[in-house]
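*Asks:* My questions will all concern the structure given below.
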Amino acid sequence: MKAALIIPALNEESAIGDVLNEIPAGLFEQVIVADNGSTDRTSEVAASHGAVVVAEPRRGYGNACLKALTQLREGTEIVAFMDGDGSDVAAEVGTLMEPIEDGRADLVLGSRELGEAERGAVNVHQRLGNLLATFLVRLLFGHRYTDLGPFRAIRVSSLKTLNMRDRNYGWTIEMQIKALRARLRILEVPVSYRQRRAGVSKVSGNAWGSFAAGVKILWTIARLSFASR
């Protein structure tokens, strides 16, 4: 199946080259790095490693993903997403693709809770936030997720039905809730997660990012719950 990989990136000059080098050869027809307003050489390094670079100066994870999706080649059947800071293990992306290629799933989520996260890779506030968010999803939507991590793959035809709109921290949970409402076949698979990332997390790396992400995720759950009634 024709596949593309999208990597939103913000000031990942020190990490993005290694991330791109780690991607298994021949797996993707396109690797798109969505530069979300970097002030360093992220774009130049990504381009020198063969990625298609698209600029989205409006900050926000969702903005970067939405812009990158406009660059998909016609006929692309699967699109995967991962972070550009080196925390996700790009060599594992094939495990996200296989259930879709085999016809077993429409959306495959990489779960750090089911896999192996290095000591200190997931902070206490991240774990608590994940527990709260996944509990609320189970309570309101009847499905048990273990993680809200960004490492994932989805059938393009399924993604189009979700009408994704969130432009920042709510992107991942919006996809997961809308996938439930669309009755997509959803699978979680264990993935690794690195503590010694080359780049800097824009969420867990600072208190404001963690707080803003947490508020937006909870607001998105509430908004989509109300919309489904």
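Quick note on naming: the chains in the structure tokens go A, B, ... in the order shown, residues restart at 1 in each chain, and ligands are numbered from 1 in order of appearance.
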Tell me, as a PyMOL selection string, which residues lie within 10 Å of A:Asn130, counting only C-alpha atoms; anything in the same chain fewer than 5 positions away does not count.

*Replies:* chain A and resi 113+124-125+135-136+145-149+214+217

*Asks:* For stretch 71-78 of chain A, list every protein, DNA or RNA residue within 9 Å, evaluated using only C-alpha atoms, and leave out those in the same chain fewer than 4 positions away; present the list as a ChimeraX atom specification.

*Replies:* /A:1-5,29-30,32,52,54,67,97,100-101,153-157

*Asks:* Give me a file of those residues, with N, CA and C atoms, as a tab-separated table (two decimals), in the first residue's frame.

*Replies:*
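As a result, out_0.tsv now contains:
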chain	number	residue	atom	x	y	z
A	1	MET	N	0.84	-1.19	0.00
A	1	MET	CA	0.00	0.00	0.00
A	1	MET	C	0.88	1.24	0.00
A	2	LYS	N	0.45	2.28	-0.71
A	2	LYS	CA	1.22	3.51	-0.77
A	2	LYS	C	1.08	4.26	0.55
A	3	ALA	N	2.21	4.65	1.13
A	3	ALA	CA	2.20	5.24	2.46
A	3	ALA	C	3.04	6.50	2.52
A	4	ALA	N	2.67	7.39	3.45
A	4	ALA	CA	3.42	8.62	3.70
A	4	ALA	C	3.60	8.76	5.21
A	5	LEU	N	4.66	9.42	5.59
A	5	LEU	CA	4.95	9.70	6.99
A	5	LEU	C	4.99	11.20	7.19
A	29	GLU	N	6.54	6.30	0.40
A	29	GLU	CA	6.75	7.03	-0.84
A	29	GLU	C	7.06	8.49	-0.57
A	30	GLN	N	6.55	9.00	0.57
A	30	GLN	CA	6.78	10.38	0.97
A	30	GLN	C	7.08	10.44	2.45
A	32	ILE	N	7.18	13.65	4.96
A	32	ILE	CA	6.90	15.08	4.97
A	32	ILE	C	7.22	15.65	6.34
A	52	VAL	N	10.39	15.83	2.20
A	52	VAL	CA	9.64	16.94	1.63
A	52	VAL	C	9.33	17.89	2.78
A	54	VAL	N	7.47	21.21	4.28
A	54	VAL	CA	6.39	22.17	4.08
A	54	VAL	C	6.38	23.11	5.28
A	67	LYS	N	-1.49	21.02	7.49
A	67	LYS	CA	-0.75	21.54	6.34
A	67	LYS	C	-0.03	20.41	5.60
A	97	MET	N	2.03	0.06	10.69
A	97	MET	CA	1.49	-0.06	9.34
A	97	MET	C	0.90	-1.44	9.07
A	100	ILE	N	-2.89	-2.32	9.29
A	100	ILE	CA	-3.69	-1.67	8.25
A	100	ILE	C	-3.49	-2.38	6.92
A	101	GLU	N	-2.26	-2.70	6.61
A	101	GLU	CA	-1.96	-3.40	5.36
A	101	GLU	C	-2.60	-4.78	5.33
A	153	ALA	N	-0.71	5.46	12.91
A	153	ALA	CA	-0.94	5.34	11.47
A	153	ALA	C	-2.43	5.16	11.24
A	154	ILE	N	-2.92	5.68	10.12
A	154	ILE	CA	-4.34	5.61	9.81
A	154	ILE	C	-4.55	5.46	8.31
A	155	ARG	N	-5.58	4.73	7.95
A	155	ARG	CA	-5.96	4.61	6.55
A	155	ARG	C	-6.43	5.99	6.06
A	156	VAL	N	-5.93	6.46	4.94
A	156	VAL	CA	-6.25	7.81	4.46
A	156	VAL	C	-7.74	7.97	4.22
A	157	SER	N	-8.37	6.96	3.65
A	157	SER	CA	-9.81	7.04	3.42
A	157	SER	C	-10.58	7.20	4.73

*Asks:* Take atom CA of A:Val31 and atom CA of A:Ile6 and report the distance between them in Å, one decimal.

*Replies:*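 Separation between atom CA of A:Val31 and atom CA of A:Ile6: 6.1 Å.
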
*Asks:* My list of candidates is A:Ala105, A:Leu224, A:Leu140, A:Leu10. Which is closest to A:Met175 when distances are computed with only C-alpha atoms?

*Replies:*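 Closest candidate: A:Leu224.
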
*Asks:* Please identify the alpha helix (DSSP H) residues within stretch 12-191 of chain A (assignment by DSSP from backbone atoms) and present them as a ChimeraX atom specification.

*Replies:* /A:16-22,42-48,61-69,93-101,124-141,156-162,171-181

*Asks:* So how far away is atom CA of A:Arg152 from atom CA of A:Gly115, in Å?

*Replies:* 13.7 Å

*Asks:* For each of A:Thr134, A:Asn168, A:Ser210, A:Thr42, take the minimum atom-to-atom distance to A:Glu12, counting only C-alpha atoms, then give the residue where this is smallest.

*Replies:*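 Looking at the shortest contact to A:Glu12, the residue is A:Thr42.
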